[in-house]
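S.K.: Data: my_file_3.cif, mmCIF, C-alpha atoms.
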```
data_data
loop_
_atom_site.label_atom_id
_atom_site.label_comp_id
_atom_site.auth_asym_id
_atom_site.auth_seq_id
_atom_site.Cartn_x
_atom_site.Cartn_y
_atom_site.Cartn_z
CA MET A 1 -14.78 9.47 4.63
CA ASP A 2 -11.85 10.96 2.68
CA ARG A 3 -11.30 14.71 2.54
CA LEU A 4 -8.52 16.77 1.02
CA ALA A 5 -7.13 19.25 3.55
CA ALA A 6 -5.85 22.71 2.65
CA ASP A 7 -2.26 21.46 2.90
CA GLY A 8 -2.94 18.81 0.24
CA ARG A 9 -2.97 15.90 2.68
CA LEU A 10 -5.84 13.46 2.67
CA ARG A 11 -7.82 13.50 5.89
CA TYR A 12 -10.50 11.12 7.00
CA GLU A 13 -12.16 10.00 10.17
CA LEU A 14 -10.92 6.77 11.60
CA VAL A 15 -12.63 4.49 14.07
CA ILE A 16 -10.16 2.59 16.27
CA PRO A 17 -11.45 -0.12 18.60
CA SER A 18 -10.18 0.26 22.15
CA GLU A 19 -9.42 -2.58 24.53
CA ARG A 20 -12.90 -2.19 26.01
CA LYS A 21 -14.51 -2.80 22.62
CA MET A 22 -15.44 0.87 22.53
CA THR A 23 -14.66 2.85 19.41
CA ILE A 24 -13.23 6.34 19.39
CA LYS A 25 -13.50 8.54 16.33
CA THR A 26 -10.49 10.60 15.45
CA THR A 27 -9.20 12.47 12.44
CA LEU A 28 -5.81 11.60 10.98
CA SER A 29 -3.80 13.18 8.20
CA PHE A 30 -1.68 11.16 5.79
CA THR A 31 0.68 12.07 3.03
CA GLU A 32 -0.42 10.94 -0.40
CA ARG A 33 2.21 8.18 -0.28
CA HIS A 34 1.01 6.80 3.06
CA HIS A 35 -2.63 7.02 2.07
CA ARG A 36 -1.99 5.25 -1.24
CA PHE A 37 -0.13 2.42 0.54
CA LEU A 38 -2.90 2.02 3.12
CA MET A 39 -5.59 1.93 0.44
CA GLU A 40 -3.58 -0.62 -1.58
CA GLN A 41 -3.42 -2.80 1.53
CA VAL A 42 -7.19 -2.55 1.96
CA GLU A 43 -7.88 -3.18 -1.73
CA SER A 44 -5.63 -6.26 -1.76
CA GLY A 45 -7.41 -7.66 1.29
CA VAL A 46 -4.57 -7.32 3.78
CA PHE A 47 -6.90 -5.21 5.93
CA ALA A 48 -10.68 -5.03 5.84
CA THR A 49 -10.70 -1.27 6.34
CA ALA A 50 -8.30 1.64 6.61
CA SER A 51 -9.13 1.74 10.32
CA ALA A 52 -8.03 -1.88 10.69
CA GLY A 53 -4.76 -1.10 8.92
CA VAL A 54 -4.01 1.89 11.13
CA ALA A 55 -5.00 -0.09 14.25
CA ALA A 56 -2.57 -2.86 13.20
CA ALA A 57 0.20 -0.28 12.73
CA VAL A 58 -0.49 1.18 16.18
CA GLU A 59 -0.42 -2.33 17.69
CA ASP A 60 2.96 -2.91 16.01
CA MET A 61 4.26 0.37 17.49
CA MET A 62 2.97 -0.65 20.93
CA ARG A 63 4.73 -4.04 20.67
CA ALA A 64 7.94 -2.38 19.47
CA GLU A 65 7.83 0.09 22.36
CA GLU A 66 7.33 -2.73 24.87
CA GLU A 67 10.28 -4.66 23.36
CA ARG A 68 12.40 -1.49 23.53
CA ARG A 69 11.42 -0.97 27.17
CA LEU A 70 12.32 -4.58 28.02
CA MET A 71 15.68 -4.35 26.22
CA LEU A 72 16.57 -1.11 27.98
CA ALA A 73 15.63 -2.63 31.34
CA ALA A 74 17.81 -5.68 30.58
CA MET A 75 20.73 -3.42 29.61
CA ALA A 76 20.29 -1.43 32.82
CA ASP A 77 20.36 -4.69 34.81
CA VAL A 78 23.62 -5.76 33.13
CA ILE A 79 25.17 -2.35 33.79
CA ARG A 80 24.11 -2.52 37.46
CA GLU A 81 25.61 -6.03 37.74
CA ARG A 82 28.89 -4.86 36.21
CA MET A 83 29.00 -1.82 38.45
CA ALA A 84 28.68 -4.15 41.45
CA THR A 85 31.75 -6.15 40.35
CA PRO A 86 34.69 -5.48 42.70
CA LEU A 87 37.64 -3.75 41.00
CA GLU A 88 39.98 -6.65 41.84
CA GLU A 89 37.85 -8.96 39.63
CA TYR A 90 38.41 -6.83 36.54
CA VAL A 91 40.94 -8.16 34.02
CA ASP A 92 43.59 -5.85 32.59
CA ALA A 93 42.87 -5.25 28.89
CA ASP A 94 46.51 -5.78 27.89
CA GLU A 95 46.53 -9.16 29.66
CA ALA A 96 43.14 -10.15 28.26
CA PHE A 97 44.18 -9.47 24.65
CA ALA A 98 47.89 -10.39 24.90
CA ALA A 99 47.56 -13.83 23.31
CA ILE A 100 45.50 -12.70 20.34
CA SER A 101 47.67 -9.60 19.89
CA ALA A 102 50.75 -11.82 19.73
CA GLU A 103 49.06 -14.20 17.30
CA LEU A 104 48.12 -11.30 15.01
CA GLY A 105 51.54 -9.72 15.38
CA LEU A 106 50.07 -6.59 16.92
CA ASP A 107 52.42 -6.56 19.89
CA ASP A 108 55.32 -5.64 17.57
CA GLU A 109 53.88 -2.17 16.91
#
```
Show me this structure written as C-alpha cells.

M.R.:
Amino acid sequence: MDRLAADGRLRYELVIPSERKMTIKTTLSFTERHHRFLMEQVESGVFATASAGVAAAVEDMMRAEEERRLMLAAMADVIRERMATPLEEYVDADEAFAAISAELGLDDE
C-alpha cells in the first residue's frame, strides 16, 4: 500500500520471501524516480509485484557482493603467492623492458 511520507518520498510495505519461504513485512522508502521506475517495471510485466522487483534487486546485490568477495579473495591469493617469491627470482624492470624501450626509442632519453 503506497503512502506519501512527510519528506515527500513514497513509502509502502513490502513483503519479501525469505529462503525458508517465510515472508517478512518491512517498510521501504523510495525517491519518486526509483518508485516510478519500479512501477513501470511492474506495469510492463517485468515483475509481478513491486515486492518481486525489490527482491530481484536484492538478489542481484547479493550475487554482486559474492562475486566481489571471490575476486578479493583471488587477489589476496595472488598477492600472497607473489610475496612468497624469493627475491632472486624477481626480474629487474630495466632488463625486462630493455628490448621494447629500445624498439620504441625510449632508451635515448

S.K.: Could you jot down the atom CA of A:Ala57 to atom CA of A:Leu28 separation for me, Å, one decimal place?

M.R.: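 Atom CA of A:Ala57 sits 13.4 Å away from atom CA of A:Leu28.
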
S.K.: Give, as AutoDock Vina command-line options, the centre coordinates and the x, y and z edge lengths in Å to one decimal for an axis-aligned box around all listed atoms of stretch 69-74 of chain A, padded by 5 Å on each side.

M.R.:
```
--center_x 14.6 --center_y -3.3 --center_z 28.8 --size_x 16.4 --size_y 14.7 --size_z 15.1
```

S.K.: Between atom CA of A:Lys25 and atom CA of A:Asp60, what is the distance, to one decimal in Å?

M.R.: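 Answer for the atom CA of A:Lys25 to atom CA of A:Asp60 separation: 20.1 Å.
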
S.K.: Have a look at atom CA of A:Leu70 and atom CA of A:Val58 and let me know their distance in Å, one decimal.

M.R.: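 Atom-to-atom, atom CA of A:Leu70 to atom CA of A:Val58, that is 18.4 Å.
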
S.K.: Would you please work out which residue, of A:Val54, A:Ala98, A:Ala73, A:Val78, is nearest to A:His34 when using all atoms listed in the file?

M.R.: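 For A:His34, the nearest of the candidates is A:Val54.
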
S.K.: Identify which of the residues A:Ala76, A:Leu87, A:Leu38, A:Ala64 lies closest to A:Ala52, counting all atoms listed in the file when measuring atom-to-atom distances.

M.R.: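 Smallest separation from A:Ala52 among the options: A:Leu38.
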
S.K.: Name the residues in contact with A:Glu40 at a cut-off of 12 Å, using all atoms listed in the file, excluding same-chain residues fewer than 6 positions from it; report them as a list of chain:residue names.

M.R.: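 With the cut-off at 12 Å, the set is A:Arg33, A:His34, A:Val46, A:Phe47, A:Ala48, A:Thr49, A:Ala50, A:Gly53.
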